[in-house]
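Raw upload_26.txt, compact mmCIF, C-alpha atoms and all ligand atoms:
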```txt
# COMPACT_ATOMS: atom_id res chain seq x y z
CA MET A 1 10.98 -36.18 11.44
CA LYS A 2 10.33 -33.12 9.22
CA LYS A 3 7.71 -33.44 6.52
CA ILE A 4 7.84 -31.19 3.49
CA ILE A 5 5.94 -31.17 0.23
CA ILE A 6 6.99 -30.06 -3.26
CA ILE A 7 4.10 -28.59 -5.24
CA HIS A 8 4.68 -28.52 -8.98
CA THR A 9 2.93 -25.94 -11.16
CA GLY A 10 4.85 -26.26 -14.45
CA GLY A 11 7.42 -24.03 -16.17
CA THR A 12 10.84 -24.90 -17.58
CA ILE A 13 11.73 -26.75 -14.37
CA SER A 14 8.99 -29.25 -15.40
CA MET A 15 9.90 -29.35 -19.09
CA LEU A 16 12.31 -31.29 -21.29
CA GLU A 17 14.32 -30.18 -24.30
CA ASN A 18 13.72 -32.02 -27.57
CA ARG A 19 17.29 -32.97 -28.57
CA GLU A 20 16.51 -32.82 -32.30
CA THR A 21 14.58 -29.57 -32.57
CA GLY A 22 15.83 -27.74 -29.47
CA GLU A 23 12.22 -26.94 -28.50
CA VAL A 24 11.41 -26.94 -24.79
CA ASN A 25 8.00 -28.26 -23.84
CA THR A 26 5.87 -29.85 -21.10
CA THR A 27 6.09 -33.55 -20.17
CA ASN A 28 3.56 -36.04 -18.84
CA GLU A 29 5.51 -36.82 -15.70
CA HIS A 30 7.55 -34.33 -13.71
CA PRO A 31 11.22 -34.93 -14.63
CA LEU A 32 12.37 -34.23 -11.08
CA THR A 33 9.93 -36.58 -9.33
CA ASN A 34 11.63 -38.46 -6.52
CA VAL A 35 14.48 -35.97 -6.08
CA PRO A 36 17.69 -38.04 -6.28
CA TYR A 37 19.44 -36.50 -3.27
CA ASN A 38 20.06 -37.63 0.25
CA PHE A 39 19.08 -34.64 2.41
CA SER A 40 19.11 -36.32 5.80
CA ASP A 41 17.64 -39.36 7.46
CA ASP A 42 14.79 -37.63 9.17
CA VAL A 43 13.06 -35.88 6.25
CA MET A 44 10.02 -37.08 4.38
CA ILE A 45 9.38 -35.39 1.01
CA ASP A 46 6.03 -35.70 -0.72
CA GLU A 47 5.12 -34.31 -4.13
CA TYR A 48 1.91 -32.91 -5.57
CA ILE A 49 1.21 -31.72 -9.10
CA ALA A 50 -1.10 -28.70 -8.87
CA TYR A 51 -0.72 -27.60 -12.51
CA SER A 52 1.46 -28.31 -15.53
CA LEU A 53 1.37 -24.83 -16.97
CA PRO A 54 3.91 -22.56 -18.58
CA SER A 55 3.88 -19.59 -16.24
CA PRO A 56 2.53 -17.07 -18.80
CA HIS A 57 -0.68 -19.15 -18.50
CA ILE A 58 -0.86 -18.68 -14.72
CA THR A 59 -3.48 -16.13 -13.60
CA PRO A 60 -4.17 -14.52 -10.21
CA LYS A 61 -7.00 -17.06 -9.81
CA HIS A 62 -4.47 -19.93 -10.13
CA MET A 63 -2.27 -18.10 -7.59
CA LEU A 64 -5.12 -17.83 -5.08
CA GLU A 65 -6.09 -21.47 -5.62
CA LEU A 66 -2.44 -22.38 -5.01
CA ALA A 67 -2.50 -20.33 -1.78
CA LYS A 68 -5.51 -22.33 -0.59
CA THR A 69 -3.77 -25.61 -1.47
CA ILE A 70 -0.71 -24.45 0.49
CA GLU A 71 -2.88 -23.51 3.51
CA GLN A 72 -4.27 -27.05 3.56
CA PHE A 73 -0.83 -28.65 3.24
CA LEU A 74 0.58 -26.42 5.98
CA LEU A 75 -1.76 -28.15 8.45
CA GLU A 76 0.27 -31.30 7.86
CA TYR A 77 3.71 -30.25 6.54
CA ASP A 78 6.60 -28.26 8.04
CA GLY A 79 7.35 -26.39 4.84
CA ILE A 80 6.51 -26.06 1.17
CA VAL A 81 8.53 -25.83 -2.04
CA VAL A 82 6.66 -24.64 -5.14
CA THR A 83 8.21 -25.20 -8.57
CA HIS A 84 7.06 -22.59 -11.09
CA GLY A 85 7.87 -21.10 -14.47
CA THR A 86 10.18 -18.14 -14.09
CA ASP A 87 8.24 -15.67 -16.27
CA THR A 88 5.57 -14.95 -13.63
CA LEU A 89 7.23 -16.60 -10.63
CA GLU A 90 7.73 -13.28 -8.83
CA GLU A 91 4.01 -12.49 -9.15
CA THR A 92 2.88 -15.83 -7.71
CA ALA A 93 5.46 -15.47 -4.93
CA TYR A 94 4.18 -11.99 -4.06
CA LEU A 95 0.51 -12.96 -4.15
CA LEU A 96 1.30 -15.83 -1.76
CA GLU A 97 3.19 -13.34 0.44
CA LEU A 98 0.11 -11.10 0.50
CA VAL A 99 -2.45 -13.76 1.42
CA LEU A 100 -0.64 -16.45 3.44
CA ASP A 101 -0.44 -16.00 7.20
CA THR A 102 2.21 -18.49 8.27
CA GLU A 103 5.62 -18.59 9.90
CA LYS A 104 6.50 -21.84 8.12
CA PRO A 105 8.80 -21.58 5.10
CA VAL A 106 7.17 -21.32 1.67
CA ILE A 107 9.77 -21.29 -1.12
CA LEU A 108 9.34 -20.80 -4.85
CA THR A 109 11.89 -21.98 -7.33
CA GLY A 110 12.24 -22.53 -11.06
CA ALA A 111 14.84 -23.13 -13.72
CA MET A 112 16.18 -21.27 -16.70
CA ARG A 113 17.31 -24.51 -18.39
CA SER A 114 15.14 -27.62 -18.50
CA SER A 115 16.25 -30.81 -16.75
CA ASN A 116 17.95 -32.41 -19.77
CA GLU A 117 19.60 -29.25 -21.12
CA ILE A 118 23.35 -28.91 -20.70
CA GLY A 119 24.08 -26.84 -17.59
CA SER A 120 20.53 -27.25 -16.28
CA ASP A 121 19.81 -25.42 -13.05
CA ALA A 122 16.57 -27.39 -12.45
CA LEU A 123 17.67 -30.10 -10.02
CA TYR A 124 20.20 -27.79 -8.36
CA ASN A 125 17.59 -25.13 -7.60
CA LEU A 126 15.12 -27.74 -6.35
CA ILE A 127 17.70 -29.26 -4.00
CA SER A 128 18.72 -25.79 -2.78
CA SER A 129 15.07 -24.96 -2.07
CA VAL A 130 14.56 -28.13 -0.04
CA ARG A 131 17.72 -27.30 1.93
CA VAL A 132 16.35 -23.80 2.67
CA VAL A 133 12.95 -25.17 3.75
CA LEU A 134 14.73 -27.52 6.15
CA SER A 135 16.72 -24.66 7.70
CA PRO A 136 15.29 -23.36 11.00
CA ALA A 137 16.51 -19.90 9.90
CA ALA A 138 13.95 -19.89 7.08
CA TYR A 139 11.06 -19.55 9.57
CA SER A 140 9.26 -16.20 9.78
CA LYS A 141 10.96 -14.81 6.67
CA GLY A 142 7.83 -14.63 4.48
CA VAL A 143 7.55 -16.21 1.08
CA LEU A 144 11.00 -16.71 -0.44
CA VAL A 145 12.42 -17.28 -3.90
CA VAL A 146 15.45 -19.57 -4.14
CA MET A 147 17.45 -19.57 -7.37
CA ASN A 148 21.14 -19.78 -8.25
CA ASP A 149 22.48 -20.03 -4.66
CA GLU A 150 20.52 -16.94 -3.51
CA ILE A 151 17.48 -16.39 -1.33
CA HIS A 152 15.22 -13.45 -2.18
CA SER A 153 12.11 -12.05 -0.54
CA ALA A 154 8.99 -12.34 -2.71
CA LYS A 155 8.43 -8.62 -2.35
CA ASN A 156 11.75 -7.48 -3.77
CA VAL A 157 12.72 -10.11 -6.31
CA THR A 158 12.38 -9.70 -10.07
CA LYS A 159 13.44 -11.56 -13.20
CA THR A 160 16.13 -9.41 -14.81
CA SER A 161 17.45 -11.52 -17.69
CA THR A 162 15.52 -13.47 -20.31
CA SER A 163 17.94 -16.40 -20.25
CA ASN A 164 20.82 -16.07 -17.77
CA ILE A 165 20.61 -18.43 -14.79
CA ALA A 166 21.47 -15.47 -12.51
CA THR A 167 18.23 -13.83 -13.65
CA PHE A 168 16.52 -13.34 -10.27
CA GLN A 169 17.72 -10.22 -8.47
CA SER A 170 16.44 -7.88 -5.78
CA PRO A 171 17.70 -4.60 -7.28
CA GLN A 172 16.82 -2.37 -4.33
CA PHE A 173 18.16 -4.37 -1.37
CA GLY A 174 19.90 -7.48 -2.73
CA PRO A 175 19.20 -11.11 -1.75
CA ILE A 176 18.28 -11.72 1.89
CA GLY A 177 20.49 -14.79 2.10
CA ILE A 178 22.83 -17.13 0.30
CA ILE A 179 23.26 -20.87 0.03
CA THR A 180 26.72 -22.37 0.43
CA LYS A 181 27.75 -26.00 0.20
CA GLU A 182 27.48 -26.28 3.96
CA SER A 183 25.02 -23.66 5.14
CA ILE A 184 21.99 -21.50 4.60
CA LEU A 185 22.97 -17.95 5.58
CA PHE A 186 20.40 -15.18 6.07
CA HIS A 187 21.68 -11.64 6.61
CA HIS A 188 18.54 -9.46 6.57
CA GLN A 189 14.77 -9.74 6.34
CA LEU A 190 11.62 -7.72 5.67
CA THR A 191 10.87 -5.32 8.52
CA SER A 192 7.11 -5.74 8.28
CA ARG A 193 4.64 -8.16 6.75
CA THR A 194 0.84 -8.01 6.69
CA ALA A 195 -1.40 -10.78 5.40
CA TYR A 196 -4.65 -9.87 3.63
CA PRO A 197 -6.67 -13.08 3.36
CA VAL A 198 -9.21 -13.11 0.50
CA GLU A 199 -11.73 -15.64 -0.77
CA ASN A 200 -11.79 -14.48 -4.35
CA ILE A 201 -10.01 -12.36 -6.95
CA SER A 202 -12.67 -10.73 -9.05
CA LYS A 203 -11.67 -7.12 -9.77
CA ASN A 204 -10.44 -5.52 -12.96
CA VAL A 205 -7.12 -3.72 -12.44
CA PRO A 206 -5.08 -2.84 -15.54
CA LEU A 207 -1.43 -1.75 -15.45
CA LEU A 208 -0.04 1.03 -17.64
CA LYS A 209 3.57 2.07 -18.14
CA ALA A 210 4.29 5.77 -18.65
CA TYR A 211 6.39 6.98 -21.56
CA ALA A 212 7.51 10.28 -23.05
CA GLY A 213 4.64 11.70 -25.07
CA MET A 214 1.95 9.66 -23.27
CA ASP A 215 -1.43 11.39 -23.37
CA SER A 216 -4.96 10.76 -22.15
CA ASN A 217 -5.94 8.43 -25.01
CA ILE A 218 -4.70 5.14 -23.60
CA ILE A 219 -5.96 6.02 -20.11
CA GLU A 220 -9.41 6.80 -21.57
CA LEU A 221 -9.39 3.43 -23.35
CA VAL A 222 -8.63 1.71 -20.05
CA TYR A 223 -11.35 3.77 -18.34
CA GLY A 224 -13.80 2.59 -21.01
CA GLY A 225 -13.15 -0.98 -19.83
CA LYS A 226 -14.67 -0.06 -16.43
CA PRO A 227 -11.66 -0.75 -14.21
CA ASP A 228 -12.04 -1.13 -10.44
CA GLY A 229 -8.57 0.35 -10.02
CA LEU A 230 -5.53 1.32 -12.08
CA VAL A 231 -1.78 1.00 -11.55
CA ILE A 232 0.63 3.24 -13.43
CA GLU A 233 4.39 2.83 -13.62
CA GLY A 234 5.28 6.50 -13.66
CA LEU A 235 8.49 8.28 -14.58
CA GLY A 236 11.38 8.81 -12.16
CA GLN A 237 10.25 9.91 -8.70
CA GLY A 238 6.58 9.54 -9.75
CA ASN A 239 5.75 11.97 -12.52
CA LEU A 240 3.55 11.75 -15.62
CA PRO A 241 3.39 13.71 -18.87
CA LYS A 242 0.97 16.63 -18.37
CA GLU A 243 -1.32 15.45 -21.20
CA THR A 244 -2.40 12.47 -19.04
CA ILE A 245 -3.89 14.72 -16.33
CA PRO A 246 -7.45 15.17 -17.73
CA ALA A 247 -8.01 11.38 -17.85
CA ILE A 248 -6.42 10.88 -14.42
CA LYS A 249 -8.79 13.51 -12.96
CA GLN A 250 -11.79 11.81 -14.57
CA ILE A 251 -10.92 8.39 -13.11
CA LEU A 252 -10.26 9.78 -9.62
CA ALA A 253 -13.55 11.71 -9.73
CA ASP A 254 -15.23 8.33 -10.21
CA GLN A 255 -13.69 7.07 -6.93
CA ILE A 256 -11.49 4.60 -8.81
CA PRO A 257 -8.13 4.26 -7.02
CA ILE A 258 -4.97 4.96 -9.05
CA VAL A 259 -1.74 3.57 -7.60
CA LEU A 260 1.57 5.01 -8.80
CA VAL A 261 4.91 3.19 -8.74
CA SER A 262 8.05 4.13 -10.65
CA ARG A 263 9.26 2.49 -13.82
CA SER A 264 12.75 2.92 -12.28
CA PHE A 265 13.40 -0.14 -10.15
CA ARG A 266 15.46 1.64 -7.47
CA GLY A 267 14.54 4.58 -5.25
CA ALA A 268 11.15 5.83 -4.12
CA VAL A 269 8.18 7.67 -5.62
CA GLN A 270 7.55 10.90 -3.74
CA PRO A 271 5.74 14.19 -4.30
CA THR A 272 8.81 16.21 -5.24
CA TYR A 273 7.93 18.03 -8.44
CA ALA A 274 5.23 20.70 -8.52
CA TYR A 275 5.01 21.16 -12.32
CA GLU A 276 1.92 19.95 -14.19
CA GLY A 277 1.96 16.12 -14.09
CA GLY A 278 4.64 16.19 -11.37
CA GLY A 279 4.37 13.97 -8.30
CA LYS A 280 3.24 16.83 -6.01
CA GLN A 281 0.26 17.57 -8.24
CA LEU A 282 -0.59 13.86 -8.63
CA LYS A 283 -0.50 13.33 -4.88
CA GLU A 284 -2.69 16.40 -4.25
CA MET A 285 -5.17 15.07 -6.81
CA GLY A 286 -5.46 11.83 -4.80
CA VAL A 287 -3.14 9.42 -6.62
CA ILE A 288 -1.83 6.76 -4.18
CA PHE A 289 1.97 6.51 -4.04
CA THR A 290 3.63 3.23 -3.11
CA ASN A 291 7.20 2.03 -2.88
CA GLY A 292 9.19 -1.16 -3.08
CA LEU A 293 6.88 -2.75 -5.66
CA THR A 294 7.05 -3.25 -9.39
CA GLY A 295 3.94 -2.44 -11.44
CA PRO A 296 2.81 -6.10 -11.67
CA LYS A 297 3.19 -6.55 -7.89
CA ALA A 298 1.37 -3.29 -7.10
CA ARG A 299 -1.41 -4.54 -9.38
CA LEU A 300 -1.71 -7.79 -7.38
CA LYS A 301 -1.79 -5.81 -4.15
CA LEU A 302 -4.55 -3.56 -5.49
CA LEU A 303 -6.54 -6.63 -6.60
CA ILE A 304 -6.25 -7.99 -3.05
CA ALA A 305 -6.99 -4.62 -1.40
CA LEU A 306 -10.12 -4.18 -3.51
CA GLU A 307 -11.44 -7.58 -2.37
CA ASN A 308 -11.20 -6.29 1.20
CA THR A 309 -12.53 -2.74 0.82
CA SER A 310 -13.67 -0.08 -1.62
CA ASP A 311 -12.80 2.71 0.85
CA ILE A 312 -10.11 4.76 -0.90
CA GLN A 313 -8.58 5.92 2.42
CA VAL A 314 -8.19 2.32 3.61
CA ILE A 315 -6.66 1.38 0.25
CA ARG A 316 -4.30 4.36 0.55
CA ASP A 317 -3.21 3.17 4.02
CA ILE A 318 -2.63 -0.37 2.74
CA PHE A 319 -0.23 1.03 0.14
CA GLU A 320 1.37 3.99 1.88
CA LYS A 321 1.92 2.63 5.38
CA ASP A 322 3.29 -0.79 4.41
CA PHE A 323 6.71 -0.19 2.79
N1 LIG B 401 8.55 -19.51 -20.19
C1 LIG B 401 8.90 -20.33 -19.06
C2 LIG B 401 7.79 -20.22 -18.02
O1 LIG B 401 7.75 -19.27 -17.29
C3 LIG B 401 10.18 -19.88 -18.52
C4 LIG B 401 10.65 -20.65 -17.32
O2 LIG B 401 9.97 -21.42 -16.72
O3 LIG B 401 11.80 -20.44 -16.96
O4 LIG B 401 7.01 -21.08 -17.92
```

Please express what this file holds, its structure, as structure tokens.
Ligand code: ASP
Amino acid sequence: MKKIIIIHTGGTISMLENRETGEVNTTNEHPLTNVPYNFSDDVMIDEYIAYSLPSPHITPKHMLELAKTIEQFLLEYDGIVVTHGTDTLEETAYLLELVLDTEKPVILTGAMRSSNEIGSDALYNLISSVRVVLSPAAYSKGVLVVMNDEIHSAKNVTKTSTSNIATFQSPQFGPIGIITKESILFHHQLTSRTAYPVENISKNVPLLKAYAGMDSNIIELVYGGKPDGLVIEGLGQGNLPKETIPAIKQILADQIPIVLVSRSFRGAVQPTYAYEGGGKQLKEMGVIFTNGLTGPKARLKLLIALENTSDIQVIRDIFEKDF
């Protein structure tokens, strides 16, 4: 018999709509407890409430605590489903991907409409996630996000719409599988995965987004907060306005790593442009380029990297060699 556990953390999938006011809020008991669905005779499903939080209240410390809870449960269970608010679901999924070292399926799911809203996707997504966990094909695929009949890798998925139930997309490579009435079909997977186990998340890593006319001011403000590292979502292939360069130089001179991703969600950052603030100059100055990650995910990876090492070259390798 397979044993799986559903870990609830909160979010809309745990909430109910007030029929009179239309407000959506948390409940005392999880509305999907005792999933009313007959999966198969030889499955035992347990449930555990880790948190009842809207996901904007979830921090990297909650994510790491959740990872440790999952590690404990994996000693006993064949797979895990985590229900989570959709706003920061992709960040929790990616942090779990970074720290968990397991071949067993770990699936995150959520809902865009609470359980008692018309057209709710809550129960449907939960049932789909349990079906994926039970599929032998879900082994060795890393942490997955299951929503709206699609399976996404934690690394590539992002919330693209504020309210549409088809919100979760992997813009660069698409979903890695789909869910049909009869089957769970995978068609590709990540080519490499490295786990970086950590005991704590204690570093200060802000994230900045570049914009036309950006100058050194905001970077100096961030520097004043004594960051351990900085992530910048740069422009296009990885360029910044030239007025940011003095502050960037100052931070790098202090041996504080700066990781650059692009604010474009497709393509790669690369040292193409040699003009002032262009990617070639940034790379020569020592900025670390990384690909396949959004700014928030690169920030989580830098938090994890900094728990393991303060050696800039090792941090560079963690980002540049693991695409
Ligand atoms: N604001 C909600 C949350 O992330 C949205 C959701 O769960 O879908 O908790």

Test item: residues at most 10 Å from Asn200 of chain A, only C-alpha atoms, excluding those fewer than 5 positions along its chain, as JSON, numbers by chain: {"A": [60, 61, 64, 65, 303, 304, 307, 308]}

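Neighbours of ligand LIG 401 (chain B) at a cut-off of 6 Å, computed so that only C-alpha atoms and all ligand atoms are counted, are the residues Gly11, Thr12, Pro54, Ser55, Pro56, Gly85, Thr86, Asp87, Ala111 and Met112 of chain A.
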
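Omitting Val130 of chain A and its sequence neighbours fewer than 4 positions away, and counting all atoms listed in the file, the residues within 10 Å are Ile4, Ile5, Ile6, Val35, Phe39, Ile45, Gly79, Ile80, Val81, Ile107, Thr109, Asn125, Leu126, Leu134, Ser135 and Val146 of chain A.
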
If we count all atoms listed in the file and set the cut-off at 8 Å, which residues sit around segment 169-174 of chain A, ignoring sequence neighbours fewer than 6 positions away in its own chain? Please answer as an MDAnalysis selection string. chainID A and resid 152:153 156:160 265:267 292

Please list as a PyMOL selection string every residue within 10 Å of Phe319 of chain A, counting all atoms listed in the file and excluding residues in the same chain fewer than 2 positions away. chain A and resi 259-260+288-291+293+298+301-302+305+313-317+321-323

What lies within 12 Å of Asp254 of chain A using all atoms listed in the file, ignoring chain neighbours under 2 positions off, as a compact mmCIF listing (two decimals) with C-alpha atoms, keeping the file's coordinate frame?
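The new file result.txt reads:
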```
# COMPACT_ATOMS: atom_id res chain seq x y z
CA TYR A 223 -11.35 3.77 -18.34
CA LYS A 226 -14.67 -0.06 -16.43
CA PRO A 227 -11.66 -0.75 -14.21
CA ASP A 228 -12.04 -1.13 -10.44
CA GLY A 229 -8.57 0.35 -10.02
CA ALA A 247 -8.01 11.38 -17.85
CA ILE A 248 -6.42 10.88 -14.42
CA LYS A 249 -8.79 13.51 -12.96
CA GLN A 250 -11.79 11.81 -14.57
CA ILE A 251 -10.92 8.39 -13.11
CA LEU A 252 -10.26 9.78 -9.62
CA ILE A 256 -11.49 4.60 -8.81
CA PRO A 257 -8.13 4.26 -7.02
CA ILE A 258 -4.97 4.96 -9.05
CA GLY A 286 -5.46 11.83 -4.80
CA ILE A 312 -10.11 4.76 -0.90
```

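Nearest to Ser192 of chain A of all the residues A:Leu74, A:Ala253, A:Leu98, A:Leu66 is A:Leu98, counting only C-alpha atoms.
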
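Closest approach to Pro175 of chain A among A:Tyr139, A:Gln72, A:Tyr196, A:Val145: A:Val145, based on all atoms listed in the file.
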
Could you rebuild segment 7-26 of chain A with N, CA, C and O atoms and give it back as a CSV table (one decimal), in the coordinates of the input?
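Result saved to out.csv:
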```csv
chain,number,residue,atom,x,y,z
A,7,ILE,N,5.3,-28.8,-4.4
A,7,ILE,CA,4.1,-28.6,-5.2
A,7,ILE,C,4.6,-28.1,-6.6
A,7,ILE,O,5.2,-27.1,-6.7
A,8,HIS,N,4.3,-28.9,-7.6
A,8,HIS,CA,4.7,-28.5,-9.0
A,8,HIS,C,3.6,-27.7,-9.7
A,8,HIS,O,2.4,-28.1,-9.6
A,9,THR,N,3.9,-26.7,-10.4
A,9,THR,CA,2.9,-25.9,-11.2
A,9,THR,C,3.3,-25.9,-12.6
A,9,THR,O,2.5,-25.4,-13.4
A,10,GLY,N,4.5,-26.3,-13.0
A,10,GLY,CA,4.8,-26.3,-14.4
A,10,GLY,C,6.1,-25.4,-14.7
A,10,GLY,O,6.9,-25.2,-13.7
A,11,GLY,N,6.2,-24.9,-15.9
A,11,GLY,CA,7.4,-24.0,-16.2
A,11,GLY,C,8.6,-24.9,-16.7
A,11,GLY,O,8.5,-26.1,-16.7
A,12,THR,N,9.7,-24.2,-17.0
A,12,THR,CA,10.8,-24.9,-17.6
A,12,THR,C,11.4,-26.0,-16.6
A,12,THR,O,11.9,-27.0,-17.1
A,13,ILE,N,11.2,-25.8,-15.3
A,13,ILE,CA,11.7,-26.8,-14.4
A,13,ILE,C,11.0,-28.1,-14.5
A,13,ILE,O,11.4,-29.1,-14.1
A,14,SER,N,9.8,-28.0,-15.2
A,14,SER,CA,9.0,-29.2,-15.4
A,14,SER,C,9.1,-29.7,-16.8
A,14,SER,O,8.4,-30.7,-17.2
A,15,MET,N,9.9,-29.0,-17.6
A,15,MET,CA,9.9,-29.4,-19.1
A,15,MET,C,11.2,-30.1,-19.5
A,15,MET,O,12.2,-30.1,-18.8
A,16,LEU,N,11.1,-30.6,-20.7
A,16,LEU,CA,12.3,-31.3,-21.3
A,16,LEU,C,12.6,-30.7,-22.6
A,16,LEU,O,11.7,-30.3,-23.4
A,17,GLU,N,13.9,-30.7,-23.0
A,17,GLU,CA,14.3,-30.2,-24.3
A,17,GLU,C,14.3,-31.3,-25.3
A,17,GLU,O,14.7,-32.4,-25.0
A,18,ASN,N,13.7,-31.0,-26.5
A,18,ASN,CA,13.7,-32.0,-27.6
A,18,ASN,C,15.1,-31.9,-28.2
A,18,ASN,O,15.5,-30.9,-28.8
A,19,ARG,N,15.9,-33.0,-28.1
A,19,ARG,CA,17.3,-33.0,-28.6
A,19,ARG,C,17.4,-32.7,-30.1
A,19,ARG,O,18.4,-32.1,-30.5
A,20,GLU,N,16.4,-33.0,-30.9
A,20,GLU,CA,16.5,-32.8,-32.3
A,20,GLU,C,16.1,-31.4,-32.7
A,20,GLU,O,16.8,-30.8,-33.5
A,21,THR,N,15.1,-30.9,-32.1
A,21,THR,CA,14.6,-29.6,-32.6
A,21,THR,C,15.0,-28.4,-31.7
A,21,THR,O,15.0,-27.3,-32.0
A,22,GLY,N,15.4,-28.8,-30.4
A,22,GLY,CA,15.8,-27.7,-29.5
A,22,GLY,C,14.6,-27.1,-28.8
A,22,GLY,O,14.8,-26.2,-27.9
A,23,GLU,N,13.4,-27.5,-29.2
A,23,GLU,CA,12.2,-26.9,-28.5
A,23,GLU,C,12.1,-27.4,-27.1
A,23,GLU,O,12.5,-28.6,-26.8
A,24,VAL,N,11.6,-26.6,-26.2
A,24,VAL,CA,11.4,-26.9,-24.8
A,24,VAL,C,9.9,-27.0,-24.5
A,24,VAL,O,9.2,-26.0,-24.8
A,25,ASN,N,9.4,-28.1,-24.0
A,25,ASN,CA,8.0,-28.3,-23.8
A,25,ASN,C,7.6,-29.1,-22.6
A,25,ASN,O,8.5,-29.7,-22.0
A,26,THR,N,6.3,-29.1,-22.3
A,26,THR,CA,5.9,-29.8,-21.1
A,26,THR,C,6.0,-31.4,-21.3
A,26,THR,O,6.1,-31.9,-22.4
```
